[in-house]
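These notes are about the structure you will find just below.
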Amino acid sequence: MNLDELYQEIILAHFKRPHHARNFAEDEAFEEAFNPTCGDKTRVLGQVAGDRVSGLEHDTQGCAISIASASILCERLSGTSVEECRAQVRTLVDGLHGRRVPGYPEQDPLAALLTVKRFPMRIRCATLSWEALEKWLDRQDPA
Amino acid sequence: MNLDELYQEIILAHFKRPHHARNFAEDEAFEEAFNPTCGDKTRVLGQVAGDRVSGLEHDTQGCAISIASASILCERLSGTSVEECRAQVRTLVDGLHGRRVPGYPEQDPLAALLTVKRFPMRIRCATLSWEALEKWLDRQDPA
Amino acid sequence: MDYPIDTIRDDFPILSAKTDSGAPMVYLDNAATSQKPSVVVDAIRTYYEETNANVHRGMHHLAEKATAEFEGAREAIAAFVGAPDARSVIFTRGTTESINLVAQAWGRKFLKAGDEVVLSIMEHHSNIVPWQMLAQASGVRLKYIPMLDDGSLDLEAYRALLQGPVKLVSVTHVSNALGTVNPIAEIISLAHEAGARILIDSAQGIPHGPVDVTALDADFLAFSAHKMCGPTGFGVLYGKEALLEVMDPFLGGGEMIHTVGLESSTWADLPYKFEAGTPNIAGAIVTRTAIAYLQGIGFDAIEKQVHDVTDYAVKALSRVEGLTLHGNPPERGGALAFNMEGLHPHDISQIINEEGIAIRAGHVCCQPLMERLGRPAIARASFYFYNTVEEVDRLVASLDTVKKIFRI
Amino acid sequence: MDYPIDTIRDDFPILSAKTDSGAPMVYLDNAATSQKPSVVVDAIRTYYEETNANVHRGMHHLAEKATAEFEGAREAIAAFVGAPDARSVIFTRGTTESINLVAQAWGRKFLKAGDEVVLSIMEHHSNIVPWQMLAQASGVRLKYIPMLDDGSLDLEAYRALLQGPVKLVSVTHVSNALGTVNPIAEIISLAHEAGARILIDSAQGIPHGPVDVTALDADFLAFSAHKMCGPTGFGVLYGKEALLEVMDPFLGGGEMIHTVGLESSTWADLPYKFEAGTPNIAGAIVTRTAIAYLQGIGFDAIEKQVHDVTDYAVKALSRVEGLTLHGNPPERGGALAFNMEGLHPHDISQIINEEGIAIRAGHVCCQPLMERLGRPAIARASFYFYNTVEEVDRLVASLDTVKKIFRI
Ligand SMILES: Cc1ncc(COP(=O)(O)O)c(C=O)c1O
Ligand SMILES: Cc1ncc(COP(=O)(O)O)c(C=O)c1O
């Protein structure tokens with residue numbers, strides 16, 4: 001295992017200066033995912049207009065992987081359709097669990113995130129915000 | 001270990017033809033001792049007049065050791081004083097647990113019973129009726 | 001291919017031991033606990049020398065390795081019992097704890113005064129007392145399936161009992177005293193037809209042949225590792241996921257929580273909700289080794305050997321004068337119970353022990369069954385796949401010594 | 001005599017192991033579980049190869065031997081904790097089960113709505129959740145002793161809490177997160193003055209130095225074998241005999257009964273009333289070996305080594321820039337917790353693991369303490385008597401790597 005792979009420049013950048021991150025108030029309409037084995041927690045919210053998702057934000061307490069993952073998520077998925085968001089969640093989660101190999105372009109931050117799959121104890125760190133997003137999407141359109 | 005020591009003639013004789021044994025009715029004034037690990041059970045009763053114990057009887061479901069022990073008990077202790085009964089109980093029980101060496105005469109059936117101390121798993125079989133007698137004595141004179 | 005009995009016996013160093021009296025040992029107390037093959041003992045050493053760490057909570061090398069082996073054991077055990085998902089396999093100390101878990105975490109939540117729990121008269125105390133404690137706490141009523149004289153359950157009476165407000169049936173797969181193999185497929189489907197849930201106590205079943213909880217449609221199934229070549233202190237509760245999901249937790253502590261606040265907490269997902277505290281990590285991991293060992297021999301071969309030896313024993317003991325064999329069930333596992341006229345089982349057991357023969361004497365944790373048999377105690381010989389007909393011969397011969405000592 | 005650290009380390013083959021990355025291992029996760037010396041692993045083998053049988057119920061050679069070793073272990077453990085009688089030593093799976101046993105078998109019977117149970121903010125989840133479950137069932141109220149900034153309990157606040165209707169105090173001997181050694185003698189006598197019973201969670205205490213329950217006048221004391229060189233799946237509850245006598249049983253099943261009827265049963269004498277089912281027999285027996293091993297090294301020597309190494313670590317880590325060490329208690333056991341600015345404990349743990357260094361990162365089963373510290377997670381290094389200052393140096397050096405990777 002090579003740690004430089006896990007802690008790539010782009011992951012570190014997102015960790016150190018997370019995008020779309022702020023402290024949510026308890027009464028905001030976020031959804032939360034929590035990893036009981038380590039205490040990491042991430043909250044996600046955004047807006048939906050028509051079938052467009054916009055303004056995704058997160059509030060994450062966690063390690064470099066979970067923060068970077070949340071940051072990449074907000075950046076990448078804001079502005080896409082609900083459909084597309086759901087598809088991206090499945091693609092990343094399946095990719096991290098080695099069930100399917102997503103075709104991310106090499107420079108895509110998602111490709112960097114995908115390297116976490118080689119560190120089994122950290123996969124949940126990478127999926128946490130994506131779980132929260134999925135819950136949040138479920139609440140937007142309960143179809 | 002020599003089984004002939006455990007199953008001496010006198011023990012076998014008492015087992016095969018136990019003295020002072022009968023089936024008690026549930027409403028008789030017996031006391032009972034029970035060994036939960038094996039299910040053996042013995043009940044003891046008698047009469048007390050003044051400080052004399054007489055007519056000791058037992059109702060025992062158990063192995064050769066427990067039956068012989070109850071039989072010897074009834075035979076030996078009927079007719080002695082309450083005091084003497086208590087002393088004999090302590091002497092035998094302490095003897096079986098190796099805490100003190102009782103000075104039983106060689107031909108005494110109690111000496112035969114005492115050999116059980118070399119078979120740790122059977123000591124409780126030998127003490128069972130004596131426990132019941134002690135309980136019964138306690139009820140006679142709760143001093 | 002012939003059954004490789006010598007090789008198999010070599011896997012168990014203890015089988016070549018001698019007792020204090022110098023007699024070679026004949027271990028016929030397998031229903032109490034089985035012996036352990038060297039591979040299992042070796043696996044314990046390997047675990048402690050190469051892997052040992054606490055599971056789940058660490059991300060260092062050993063913790064990852066221990067967690068992977070521990071959860072790998074769960075997957076293997078799930079596959080072994082035919083569970084659709086490892087989430088439905090709960091690790092416990094043994095059958096007894098597994099049954100208590102259901103009585104407390106399911107029974108206290110879902111059963112109420114007047115509901116009935118059906119047991120059988122041949123249950124082990126571990127499948128009686130937890131229900132009595134539940135009855136005391138909640139007013140549930142216990143009913144017992146009676147036994148026919150051949151040692152089999154009275155299925156007519158069972159059908160009649162199922163007319164009542166029965167919410168749960170909890171019965172043994174195989175009697176630890178008589179060896180009766182109960183028709184659990186039928187018992188399960190009758191319970192379900194009556195709308196009751198069912199728990200199978202397979203402590204004596206699964207060591208002798210695999211069980212498919214999915215095919216059987218069992219709601220709960222309990223067993224102990226120590227009776228199937230595994231370690232002491234480890235057992236399993238299988239439960240249907242839908243049932244486990246809605247149950248209350250059992251014990252509280254580390255591992256079984258999601259969040260812990262000062263006032264209240266939330267529970268972890270299955271199976272951890274039911275696994276408070278540091279589990280028997282080595283126990284889980286080497287139970288997988290034990291199962292693999294049994295599978296290596298083959299359960300068909302195991303069943304056949306046990307069946308042959310037991311059959312031989314039934315015949316041989318039937319010829320012993322003054323000996324009463326209890327029951328003659330249509331199907332018998334590797335256990336049989338007997339009494340001898342004018343002799344107490346303890347004395348039998350003690351005397352034949354001097355010849356190296358290990359059987360069990362007493363109520364074998366089945367006092368209600370003893371009542372039914374009208375005997376305060378029985379002698380029980382129980383076989384596993386490493387036992388032989390020669391050992392049965394030695395058992396039978398030793399009974400002569402008993403008679404001699406007792407001048408019978 | 002010098003402390004024979006090399007010989008001691010040789011007793012633990014795993015300490016010479018290398019991780020996947022080829023780095024020699026530095027095991028600093030002892031508060032999670034300790035490593036096991038070869039004598040303990042050997043004792044497991046000896047048990048299974050020479051003794052294995054179920055206890056108490058058999059009168060054959062192996063059953064007698066197993067029973068004698070099992071009860072011998074109880075005597076030895078009783079002597080080790082200063083219990084007046086082996087009857088007051090209950091065998092469990094570990095600290096968690098021991099605490100649940102008290103919460104259920106004592107708490108449910110003797111505590112009622114409005115009664116208070118006092119815990120502390122630094123408790124392990126295993127000493128919080130069982131009481132929350134009791135509170136839910138019975139309306140008992142939970143109060144928490146707060147912590148001072150140095151990581152010690154606020155004894156003034158404790159005295160104030162004891163003014164309430166407190167029936168039980170249950171606190172940890174040593175904090176698994178901060179290493180704080182609590183003044184349990186004082187805590188116990190204050191509880192008793194207030195008429196409350198007390199349970200000491202010594203999971204992190206007794207591995208480092210013997211406890212005398214009689215001298216301390218502890219009502220209950222719980223600990224786990226796996227944290228003191230013993231096996232997983234075994235632990236102890238000590239309780240005063242008078243308390244244990246009047247408690248309800250905990251789990252129901254074989255071994256814990258006196259008589260079993262169809263409707264109800266009666267309970268066995270102590271300690272068996274609380275030990276349903278086949279216990280972890282090997283676990284009990286080899287825990288005695290583990291204790292003898294520790295005694296062989298000498299608890300004074302153990303305490304000194306752990307103290308020296310921990311002290312050294314406190315000093316060395318204090319010099320690391322950006323590192324915050326949590327608490328500075330008057331007395332500290334072999335654990336310390338820290339955070340590093342701009343870094344999450346998981347990342348620290350993951351990175352230093354590549355250099356072979358095993359620490360723990362997370363809430364270490366102390367979410368309420370994490371709230372108090374204002375940190376979602378900490379990094380914890382915990383030491384045992386086989387650790388060295390050189391290992392501390394390697395830990396400290398590895399933190400540089402972390403900074404380098406994170407460009408800090
Ligand atoms: C202080 C403390 N209490 C209780 C426990 C629980 O012990 P176990 O997991 O062995 O039941 C632990 C161990 O993690 C602990 O450190
Ligand atoms: C039929 C049956 N049920 C339950 C048990 C209890 O198993 P354990 O003592 O391993 O909990 C036993 C074992 O004695 C058994 O034979």
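Ordering of the structure tokens sets the chain letters (A, B, ...), residue numbers begin anew at 1 in every chain, and ligands are numbered from 1 in the order given.
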Exercise. Select the residues contacting ligand 1 at a distance of at most 9 Å, based on only C-alpha atoms and all ligand atoms, then format the selection as a ChimeraX atom specification.
Key: /C:54,253-255,276-279 /D:31-33,93-99,122-127,171-177,201-205,222-227,232-235,364-365
- request: Write down, as a PyMOL selection string, each residue of chain B that has any atom within 8 Å of an atom of chain C, counting only C-alpha atoms.
  value: chain B and resi 1+3-4+7+12+16+37-40+61-64
Take the selection from the previous step and output its residues with N, CA and C atoms, as a tab-separated table (two decimals), in the first residue's frame.
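Resulting contents of again_38.tsv:
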chain	number	residue	atom	x	y	z
B	1	MET	N	-6.45	-45.00	42.71
B	1	MET	CA	-7.74	-45.21	43.37
B	1	MET	C	-8.17	-46.66	43.23
B	3	LEU	N	-11.31	-49.07	43.56
B	3	LEU	CA	-12.77	-49.06	43.70
B	3	LEU	C	-13.26	-49.94	44.84
B	4	ASP	N	-12.49	-50.99	45.12
B	4	ASP	CA	-12.93	-51.89	46.21
B	4	ASP	C	-12.98	-51.13	47.53
B	7	TYR	N	-16.32	-49.12	47.22
B	7	TYR	CA	-17.48	-50.01	47.31
B	7	TYR	C	-17.19	-51.19	48.23
B	12	LEU	N	-21.88	-51.70	50.32
B	12	LEU	CA	-22.79	-52.42	49.42
B	12	LEU	C	-23.96	-53.01	50.19
B	16	LYS	N	-27.74	-52.18	49.37
B	16	LYS	CA	-28.68	-53.17	48.86
B	16	LYS	C	-29.87	-53.37	49.80
B	37	THR	N	-26.36	-31.10	40.80
B	37	THR	CA	-25.52	-31.53	39.68
B	37	THR	C	-25.86	-32.95	39.24
B	38	CYS	N	-26.47	-33.74	40.12
B	38	CYS	CA	-26.77	-35.11	39.70
B	38	CYS	C	-28.21	-35.51	39.93
B	39	GLY	N	-28.94	-34.74	40.72
B	39	GLY	CA	-30.34	-35.08	40.95
B	39	GLY	C	-30.57	-35.97	42.16
B	40	ASP	N	-29.54	-36.33	42.88
B	40	ASP	CA	-29.74	-37.14	44.08
B	40	ASP	C	-30.44	-36.34	45.17
B	61	GLN	N	-33.14	-41.06	47.14
B	61	GLN	CA	-33.01	-41.40	45.73
B	61	GLN	C	-31.58	-41.10	45.36
B	62	GLY	N	-30.81	-42.10	45.12
B	62	GLY	CA	-29.43	-41.76	44.81
B	62	GLY	C	-28.58	-42.98	44.58
B	63	CYS	N	-27.30	-42.74	44.59
B	63	CYS	CA	-26.32	-43.76	44.29
B	63	CYS	C	-26.04	-44.61	45.52
B	64	ALA	N	-25.20	-45.60	45.34
B	64	ALA	CA	-24.86	-46.51	46.43
B	64	ALA	C	-24.29	-45.73	47.61
Quick one: everything within 9 Å of Glu5 in chain A, counting only C-alpha atoms, minus sequence neighbours fewer than 6 positions away in the same chain. Send it as a ChimeraX atom specification.
/A:112,115-116
Who sits within 10 Å of Asn23 in chain B, only C-alpha atoms, same chain under 4 positions skipped, as a PDB file with C-alpha atoms, in the first residue's frame:
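Once written, part_20.pdb looks like this:
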ATOM      1  CA  ARG B  43     -34.963 -36.870  53.144  1.00  0.00           C
ATOM      2  CA  GLU B  57     -35.522 -42.686  58.988  1.00  0.00           C
ATOM      3  CA  HIS B  58     -34.609 -41.672  55.466  1.00  0.00           C
ATOM      4  CA  ASP B  59     -36.034 -41.607  51.979  1.00  0.00           C
ATOM      5  CA  THR B  60     -33.161 -41.474  49.499  1.00  0.00           C
ATOM      6  CA  GLN B  61     -33.008 -41.404  45.730  1.00  0.00           C
TER       7      GLN B  61
END
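Shell of Gly114 in chain C at 9 Å, with only C-alpha atoms counted and residues fewer than 4 places along the chain excluded, is Ser138, Gly139, Val140, Arg141 and Pro165 of chain C.
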Please, could you write that set of residues out with all heavy atoms as a short mmCIF file (atom, residue, chain, number, x, y, z; two decimals), in the first residue's frame?
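Produced file again01.cif, reproduced below:
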data_model
loop_
_atom_site.label_atom_id
_atom_site.label_comp_id
_atom_site.auth_asym_id
_atom_site.auth_seq_id
_atom_site.Cartn_x
_atom_site.Cartn_y
_atom_site.Cartn_z
N SER C 138 -43.51 -11.70 32.25
CA SER C 138 -44.51 -11.16 31.32
C SER C 138 -45.84 -11.89 31.35
O SER C 138 -46.77 -11.49 30.65
CB SER C 138 -43.95 -11.22 29.90
OG SER C 138 -43.95 -12.58 29.48
N GLY C 139 -45.96 -12.97 32.10
CA GLY C 139 -47.23 -13.67 32.15
C GLY C 139 -47.50 -14.60 30.98
O GLY C 139 -48.60 -15.12 30.82
N VAL C 140 -46.47 -14.82 30.17
CA VAL C 140 -46.60 -15.81 29.10
C VAL C 140 -46.82 -17.19 29.72
O VAL C 140 -46.32 -17.46 30.81
CB VAL C 140 -45.28 -15.79 28.27
CG1 VAL C 140 -45.13 -17.02 27.42
CG2 VAL C 140 -45.22 -14.53 27.42
N ARG C 141 -47.57 -18.06 29.06
CA ARG C 141 -47.79 -19.41 29.58
C ARG C 141 -46.97 -20.43 28.79
O ARG C 141 -46.88 -20.35 27.58
CB ARG C 141 -49.27 -19.78 29.51
CG ARG C 141 -50.07 -19.25 30.69
CD ARG C 141 -51.40 -20.00 30.82
NE ARG C 141 -52.13 -19.99 29.58
CZ ARG C 141 -53.14 -19.13 29.31
NH1 ARG C 141 -53.52 -18.24 30.20
NH2 ARG C 141 -53.76 -19.17 28.15
N PRO C 165 -53.30 -20.02 21.83
CA PRO C 165 -52.72 -18.73 21.41
C PRO C 165 -51.18 -18.78 21.42
O PRO C 165 -50.53 -18.02 22.13
CB PRO C 165 -53.26 -17.74 22.44
CG PRO C 165 -53.52 -18.56 23.66
CD PRO C 165 -53.85 -19.96 23.21
#
Taking the DSSP assignment computed from this structure's backbone, write out as a PyMOL selection string all residues of range 56-212 of chain C that belong to strand (DSSP E or B). chain C and resi 89-92+116-120+141-145+147+153+166-172+174+180-181+197-201
Selected residues written out with N, CA, C and O atoms, as a tab-separated table (two decimals), in the first residue's frame:
chain	number	residue	atom	x	y	z
C	89	VAL	N	-26.38	-13.51	11.61
C	89	VAL	CA	-25.61	-14.43	12.46
C	89	VAL	C	-25.04	-13.66	13.64
C	89	VAL	O	-24.14	-12.83	13.48
C	90	ILE	N	-25.58	-13.94	14.83
C	90	ILE	CA	-25.16	-13.25	16.05
C	90	ILE	C	-24.22	-14.17	16.82
C	90	ILE	O	-24.53	-15.35	17.00
C	91	PHE	N	-23.13	-13.60	17.29
C	91	PHE	CA	-22.18	-14.39	18.08
C	91	PHE	C	-22.53	-14.29	19.56
C	91	PHE	O	-22.73	-13.20	20.10
C	92	THR	N	-22.55	-15.45	20.22
C	92	THR	CA	-22.89	-15.52	21.65
C	92	THR	C	-21.87	-16.41	22.35
C	92	THR	O	-20.93	-16.88	21.73
C	116	GLU	N	-48.89	-18.01	24.53
C	116	GLU	CA	-48.30	-19.29	24.89
C	116	GLU	C	-46.98	-19.55	24.16
C	116	GLU	O	-46.83	-19.21	22.99
C	117	VAL	N	-46.06	-20.16	24.89
C	117	VAL	CA	-44.80	-20.64	24.32
C	117	VAL	C	-44.82	-22.16	24.46
C	117	VAL	O	-45.03	-22.68	25.55
C	118	VAL	N	-44.61	-22.85	23.35
C	118	VAL	CA	-44.64	-24.31	23.37
C	118	VAL	C	-43.21	-24.85	23.37
C	118	VAL	O	-42.42	-24.52	22.48
C	119	LEU	N	-42.91	-25.64	24.38
C	119	LEU	CA	-41.63	-26.33	24.48
C	119	LEU	C	-41.91	-27.82	24.38
C	119	LEU	O	-43.03	-28.22	24.09
C	120	SER	N	-40.91	-28.64	24.66
C	120	SER	CA	-41.22	-30.07	24.75
C	120	SER	C	-40.65	-30.60	26.05
C	120	SER	O	-39.78	-29.99	26.67
C	141	ARG	N	-47.57	-18.06	29.06
C	141	ARG	CA	-47.79	-19.41	29.58
C	141	ARG	C	-46.97	-20.43	28.79
C	141	ARG	O	-46.88	-20.35	27.58
C	142	LEU	N	-46.41	-21.40	29.50
C	142	LEU	CA	-45.61	-22.44	28.85
C	142	LEU	C	-46.42	-23.72	28.71
C	142	LEU	O	-47.12	-24.13	29.62
C	143	LYS	N	-46.31	-24.35	27.53
C	143	LYS	CA	-46.94	-25.64	27.29
C	143	LYS	C	-45.86	-26.59	26.81
C	143	LYS	O	-44.91	-26.16	26.15
C	144	TYR	N	-46.04	-27.85	27.11
C	144	TYR	CA	-45.00	-28.82	26.76
C	144	TYR	C	-45.54	-29.90	25.83
C	144	TYR	O	-46.55	-30.54	26.15
C	145	ILE	N	-44.86	-30.11	24.74
C	145	ILE	CA	-45.21	-31.24	23.87
C	145	ILE	C	-44.82	-32.51	24.61
C	145	ILE	O	-43.66	-32.66	25.01
C	147	MET	N	-44.14	-36.69	25.22
C	147	MET	CA	-43.29	-37.64	24.49
C	147	MET	C	-43.98	-39.00	24.45
C	147	MET	O	-44.61	-39.41	25.43
C	153	LEU	N	-41.38	-37.22	19.96
C	153	LEU	CA	-42.39	-36.24	20.37
C	153	LEU	C	-43.76	-36.67	19.88
C	153	LEU	O	-43.91	-37.25	18.80
C	166	VAL	N	-50.63	-19.69	20.63
C	166	VAL	CA	-49.18	-19.93	20.64
C	166	VAL	C	-48.46	-18.88	19.80
C	166	VAL	O	-48.78	-18.70	18.63
C	167	LYS	N	-47.48	-18.22	20.40
C	167	LYS	CA	-46.71	-17.21	19.66
C	167	LYS	C	-45.33	-17.73	19.30
C	167	LYS	O	-44.68	-17.20	18.41
C	168	LEU	N	-44.88	-18.73	20.05
C	168	LEU	CA	-43.53	-19.25	19.79
C	168	LEU	C	-43.47	-20.72	20.15
C	168	LEU	O	-44.05	-21.15	21.15
C	169	VAL	N	-42.77	-21.47	19.30
C	169	VAL	CA	-42.43	-22.86	19.61
C	169	VAL	C	-40.91	-22.91	19.73
C	169	VAL	O	-40.21	-22.34	18.89
C	170	SER	N	-40.41	-23.53	20.79
C	170	SER	CA	-38.96	-23.64	20.94
C	170	SER	C	-38.63	-25.07	21.32
C	170	SER	O	-38.93	-25.52	22.42
C	171	VAL	N	-38.05	-25.80	20.39
C	171	VAL	CA	-37.79	-27.22	20.62
C	171	VAL	C	-36.39	-27.61	20.19
C	171	VAL	O	-35.75	-26.93	19.38
C	172	THR	N	-35.99	-28.72	20.73
C	172	THR	CA	-34.66	-29.21	20.42
C	172	THR	C	-34.68	-29.99	19.11
C	172	THR	O	-35.63	-30.69	18.80
C	174	VAL	N	-32.24	-32.28	18.36
C	174	VAL	CA	-31.89	-33.64	18.77
C	174	VAL	C	-31.84	-33.66	20.30
C	174	VAL	O	-31.25	-32.76	20.91
C	180	THR	N	-32.98	-38.75	20.36
C	180	THR	CA	-34.08	-38.59	19.41
C	180	THR	C	-33.81	-37.44	18.43
C	180	THR	O	-33.51	-36.32	18.86
C	181	VAL	N	-33.92	-37.74	17.16
C	181	VAL	CA	-33.85	-36.67	16.15
C	181	VAL	C	-35.29	-36.25	15.86
C	181	VAL	O	-36.09	-37.05	15.36
C	197	ARG	N	-43.94	-18.29	15.76
C	197	ARG	CA	-42.53	-18.27	15.42
C	197	ARG	C	-41.88	-19.52	15.99
C	197	ARG	O	-42.40	-20.12	16.93
C	198	ILE	N	-40.71	-19.88	15.46
C	198	ILE	CA	-40.06	-21.09	15.98
C	198	ILE	C	-38.56	-20.90	16.17
C	198	ILE	O	-37.87	-20.29	15.35
C	199	LEU	N	-38.09	-21.43	17.29
C	199	LEU	CA	-36.66	-21.47	17.60
C	199	LEU	C	-36.25	-22.94	17.65
C	199	LEU	O	-36.89	-23.75	18.32
C	200	ILE	N	-35.18	-23.25	16.94
C	200	ILE	CA	-34.64	-24.61	16.98
C	200	ILE	C	-33.35	-24.61	17.80
C	200	ILE	O	-32.41	-23.88	17.49
C	201	ASP	N	-33.34	-25.40	18.87
C	201	ASP	CA	-32.13	-25.60	19.67
C	201	ASP	C	-31.35	-26.73	18.99
C	201	ASP	O	-31.65	-27.90	19.16
Taking the chain letters and numbering used in this document, name the residues of range 126-171 of chain D that DSSP puts in alpha helix (DSSP H), as a PyMOL selection string.
-> chain D and resi 129-138+155-161
Would you export the selected residues with N, CA, C and O atoms as an mmCIF file, in the first residue's frame, please?
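File written: selection.cif
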data_model
loop_
_atom_site.group_PDB
_atom_site.id
_atom_site.type_symbol
_atom_site.label_atom_id
_atom_site.label_comp_id
_atom_site.auth_asym_id
_atom_site.auth_seq_id
_atom_site.Cartn_x
_atom_site.Cartn_y
_atom_site.Cartn_z
ATOM 1 N N VAL D 129 -24.316 2.325 28.737
ATOM 2 C CA VAL D 129 -25.514 1.806 28.064
ATOM 3 C C VAL D 129 -26.319 0.824 28.937
ATOM 4 O O VAL D 129 -27.549 0.895 28.950
ATOM 5 N N PRO D 130 -25.685 -0.081 29.691
ATOM 6 C CA PRO D 130 -26.507 -0.976 30.529
ATOM 7 C C PRO D 130 -27.380 -0.192 31.509
ATOM 8 O O PRO D 130 -28.508 -0.601 31.795
ATOM 9 N N TRP D 131 -26.862 0.944 31.977
ATOM 10 C CA TRP D 131 -27.639 1.746 32.936
ATOM 11 C C TRP D 131 -28.731 2.524 32.228
ATOM 12 O O TRP D 131 -29.804 2.751 32.786
ATOM 13 N N GLN D 132 -28.474 2.930 31.000
ATOM 14 C CA GLN D 132 -29.542 3.573 30.232
ATOM 15 C C GLN D 132 -30.672 2.585 29.967
ATOM 16 O O GLN D 132 -31.851 2.941 30.027
ATOM 17 N N MET D 133 -30.304 1.340 29.679
ATOM 18 C CA MET D 133 -31.337 0.323 29.444
ATOM 19 C C MET D 133 -32.126 0.084 30.731
ATOM 20 O O MET D 133 -33.345 -0.103 30.703
ATOM 21 N N LEU D 134 -31.420 0.084 31.858
ATOM 22 C CA LEU D 134 -32.109 -0.055 33.145
ATOM 23 C C LEU D 134 -33.026 1.146 33.383
ATOM 24 O O LEU D 134 -34.176 1.000 33.825
ATOM 25 N N ALA D 135 -32.513 2.328 33.071
ATOM 26 C CA ALA D 135 -33.310 3.541 33.273
ATOM 27 C C ALA D 135 -34.606 3.472 32.462
ATOM 28 O O ALA D 135 -35.687 3.786 32.962
ATOM 29 N N GLN D 136 -34.465 3.013 31.248
ATOM 30 C CA GLN D 136 -35.625 2.871 30.372
ATOM 31 C C GLN D 136 -36.638 1.893 30.965
ATOM 32 O O GLN D 136 -37.842 2.118 30.927
ATOM 33 N N ALA D 137 -36.120 0.797 31.524
ATOM 34 C CA ALA D 137 -37.005 -0.252 32.034
ATOM 35 C C ALA D 137 -37.614 0.132 33.380
ATOM 36 O O ALA D 137 -38.734 -0.259 33.686
ATOM 37 N N SER D 138 -36.889 0.890 34.185
ATOM 38 C CA SER D 138 -37.339 1.044 35.566
ATOM 39 C C SER D 138 -37.498 2.493 36.017
ATOM 40 O O SER D 138 -37.931 2.742 37.145
ATOM 41 N N LEU D 155 -14.346 15.719 42.170
ATOM 42 C CA LEU D 155 -14.835 15.042 43.381
ATOM 43 C C LEU D 155 -15.775 15.935 44.196
ATOM 44 O O LEU D 155 -16.642 15.437 44.917
ATOM 45 N N GLU D 156 -15.625 17.248 44.041
ATOM 46 C CA GLU D 156 -16.578 18.139 44.711
ATOM 47 C C GLU D 156 -17.978 17.909 44.156
ATOM 48 O O GLU D 156 -18.952 17.784 44.883
ATOM 49 N N ALA D 157 -18.020 17.866 42.834
ATOM 50 C CA ALA D 157 -19.313 17.636 42.184
ATOM 51 C C ALA D 157 -19.856 16.255 42.563
ATOM 52 O O ALA D 157 -21.073 16.072 42.730
ATOM 53 N N TYR D 158 -18.956 15.305 42.704
ATOM 54 C CA TYR D 158 -19.370 13.943 43.104
ATOM 55 C C TYR D 158 -20.033 13.986 44.477
ATOM 56 O O TYR D 158 -21.116 13.429 44.687
ATOM 57 N N ARG D 159 -19.385 14.688 45.423
ATOM 58 C CA ARG D 159 -19.995 14.807 46.756
ATOM 59 C C ARG D 159 -21.384 15.420 46.667
ATOM 60 O O ARG D 159 -22.317 14.983 47.356
ATOM 61 N N ALA D 160 -21.521 16.419 45.827
ATOM 62 C CA ALA D 160 -22.824 17.085 45.695
ATOM 63 C C ALA D 160 -23.857 16.113 45.125
ATOM 64 O O ALA D 160 -24.991 16.035 45.611
ATOM 65 N N LEU D 161 -23.435 15.346 44.106
ATOM 66 C CA LEU D 161 -24.368 14.379 43.512
ATOM 67 C C LEU D 161 -24.839 13.372 44.554
ATOM 68 O O LEU D 161 -25.981 12.907 44.518
#
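Proximity ranking of C:Gln163, C:Ser38, C:Asn328, C:Asn182 relative to ligand 2 places C:Asn182 first, based on only C-alpha atoms and all ligand atoms.
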